Amino acid sequence: MEAQAIINSIASILETIQGLVWSYPLIGLCLFAGVFFSVATRFMQIRGIKEMIRLMLKNKSSDSGVSSFQAFAMSLSGRVGTGNITGVALAIGVGGPGAIFWMWVVAFLGASTSYVECTLAQIYKQKDKNAYYRGGPAYYIEKAMGQKWYALIFAGFTVLAWGFLMPTTQSNAIAESLTVAWDIKPIYTAIGLAIVMSFIIFGGIRRIASFAQWVVPFMALAYIAVALVIIGINFKAIPSMLTLIFESAFGMGPVLGAVIWQAIQMGVKRGLYSNEAGQGSAPHSAAVAEVKHPAEQGYVQAFSVYIDTLFVCTATAFIILSTGLYNVVDPNNPDAFIYVGLQGVEAGSAFAQHAIESVLPGFGKGFVAIALLFFAFTTIIAYYYMAETNLTYLFKNKPSQIWINLLRFGSVVTVFLGCIYASKTAWSLGDIGVGLMAWMNIIAILILFVPAIKALRDYEAQKKAGKTPVFHPEKLGIKNAEIWNEINSTK
C-alpha cells in the first residue's frame, strides 16, 4: 500500500507540472507564432506546396549529410508516432470531436513555424568530429542570438526530454496496443524493444536514416489506405461527423459545448505533440540534409507537418468518429462522461482498435497494434538521434564515446520502463518534455526569424530569375553561417 501511495503521489505531482507547462500562455504562444510566421512568410505553406513536393525528391546524400528525402523521412519518423493514434484518441476523449479541428489549425499554422525553425537549422549547421552535419535549436540560438547560456540550457533540457521523458509515451502505447491485440505482457514487449533499439542506435546516424527512409513512408501509406477503406464503408456518416467536429470545436453543441476549452487545449497540445512544429525536434533532422540552399529543407519540413496531421492524424480521427466508438470525459467530473460510445474502454489506441475491428472483424486490433509498433518505434529512434545531437553540442561537437554510450544505455532503459509505466504517468512525462522544448524554442525563433525570411526571399528571387538557388549568407547580411563558405567552395 505504501508503494502504491508513493506511485500515486508521483503521478499527481507530474500531472500538476504538466498543467503548469501546458497552461493558457503556451497555447497562446503556439497559435501566435503560427499566425505571425504565416504572415511573415506570406503564407508559404499555401503558395509553396508544389515546391515542397518537388524538393522532397531532389538532392542526394554526401559524405557529410543525407538526402532531402532521408531528412524528410527522419523528421517524419519523429513526427509520426503514438500521437497519431493514441494522441488523437486522447484528444477526442478529453476535448471531444472539436479537438480535431484545432489539430488542423495547428498543422496549417505550424507548417510556417516548421519552415522557420528548419531553415534556421540549415543556415547555422556545422560539422562534428566525424565531419557529419549537426544542427538544431541549440546551434542557431548560440550563433544567431549569441546567447550561449540559453543554448546550453536548451541542449540540456533536450537531452533530458528526448532521451529520458518523451520515449515513455511511445513504448507505453506499443505495449498497451500489443496487450489489447494479442494479450502480450508488457515485460516481453519491453525486452523486445530494448534489443531492437540497441541494434539500431549503436549503428549511428546513417543506420537511423536508412531505417527511417524505408519504414516511415510504407507505414504511413498502409495506415491511410486502411482508413480510406473504413471511411468508404461508413461514408454515410461523413456529413454528420464533419458537422460534429466543427460544432464542438466552437462549443455550439448543447452538450459538447462544455468542452470548448478542452477542445482547444487538447487540439493544440496533441497537434503539437504529433507534428512537433515549433517544438525544436525537426530542425535536428533538417540540418543533416545536403542542400544548396537552406530554404529547400524549410519547404520540405513544412510539408512533413501536413503529412503528419492532415493525413495520418485525420485518418485516425475519421476512423474513430465515423464509427462512434469513443468516449468523451465530462470536463467538470473526470469520473463521468458526456458521451459514451465504447463502454469500459479508456481513451487511447484501443479506440482505433475497436473502431476498425467493428468494421473489419478479426483485423482491426492487430493492424493498429502493428501500425503503432512501427509509428512509435521510429519515433523513439528519432528521439534518440535528437538527444545525441544535443549531447554532441554540449561537448563542443566532440563528446567522448563514454557519454554517448551512457545516453544510449539510458534511452534503452527509459524505453524499457515506459512499457511498464501507467499510461497517465507516461503521457505526463511526455507532455512535460514537449512543453519545455516548445517554450524555449518558440521564444527563440520569434527572436531569430529574420534570417529564415531573408533565405525565403532570396530563394524565391533566384527561382524567379531562372537560376538554381545557391545560398551566400554574406550577401544577405547573415553572419556566423561560415559552413556555407565550405559548402559553396566544393560545388
# chains A, B, ... in the order shown; residues from 1 in each chain; ligands from 1

call {"tool": "residues_around", "arguments": {"residues": "Glu388 in chain A", "least_positions_apart": "5", "cutoff": "8 Å", "atoms": "only C-alpha atoms", "output": "JSON list (two decimals) with C-alpha atoms, in the first residue's frame"}}
result
[["chain", "number", "residue", "atom", "x", "y", "z"],
["A", 159, "VAL", "CA", 18.85, 15.56, -23.77],
["A", 404, "ILE", "CA", 27.35, 8.69, -25.96],
["A", 407, "LEU", "CA", 22.94, 8.18, -23.35]]

call {"tool": "select_by_dssp", "arguments": {"residues": "range 121-295 of chain A", "states": "strand (DSSP E or B)", "output": "JSON, numbers by chain"}}
result
{"A": [126, 127, 133, 134, 289]}

call {"tool": "closest_residue", "arguments": {"among": "A:Tyr385, A:Tyr393, A:Phe235, A:Trp439", "to": "Leu152 in chain A", "atoms": "only C-alpha atoms"}}
result
A:Tyr393

call {"tool": "closest_residue", "arguments": {"among": "A:Gly366, A:Pro361, A:Gly324, A:Gly271", "to": "Gly341 in chain A", "atoms": "only C-alpha atoms"}}
result
A:Gly324

call {"tool": "closest_residue", "arguments": {"among": "A:Leu321, A:Cys419, A:Ile10, A:Ala315", "to": "Ser240 in chain A", "atoms": "only C-alpha atoms"}}
result
A:Leu321

call {"tool": "select_by_dssp", "arguments": {"residues": "range 243-296 of chain A", "states": "helix (DSSP H, G or I)", "output": "ChimeraX atom specification"}}
result
/A:243-249,256-275,282-286,294-296

call {"tool": "atom_distance", "arguments": {"atom1": "CA of Tyr299 in chain A", "atom2": "CA of Ala220 in chain A"}}
result
20.1 Å
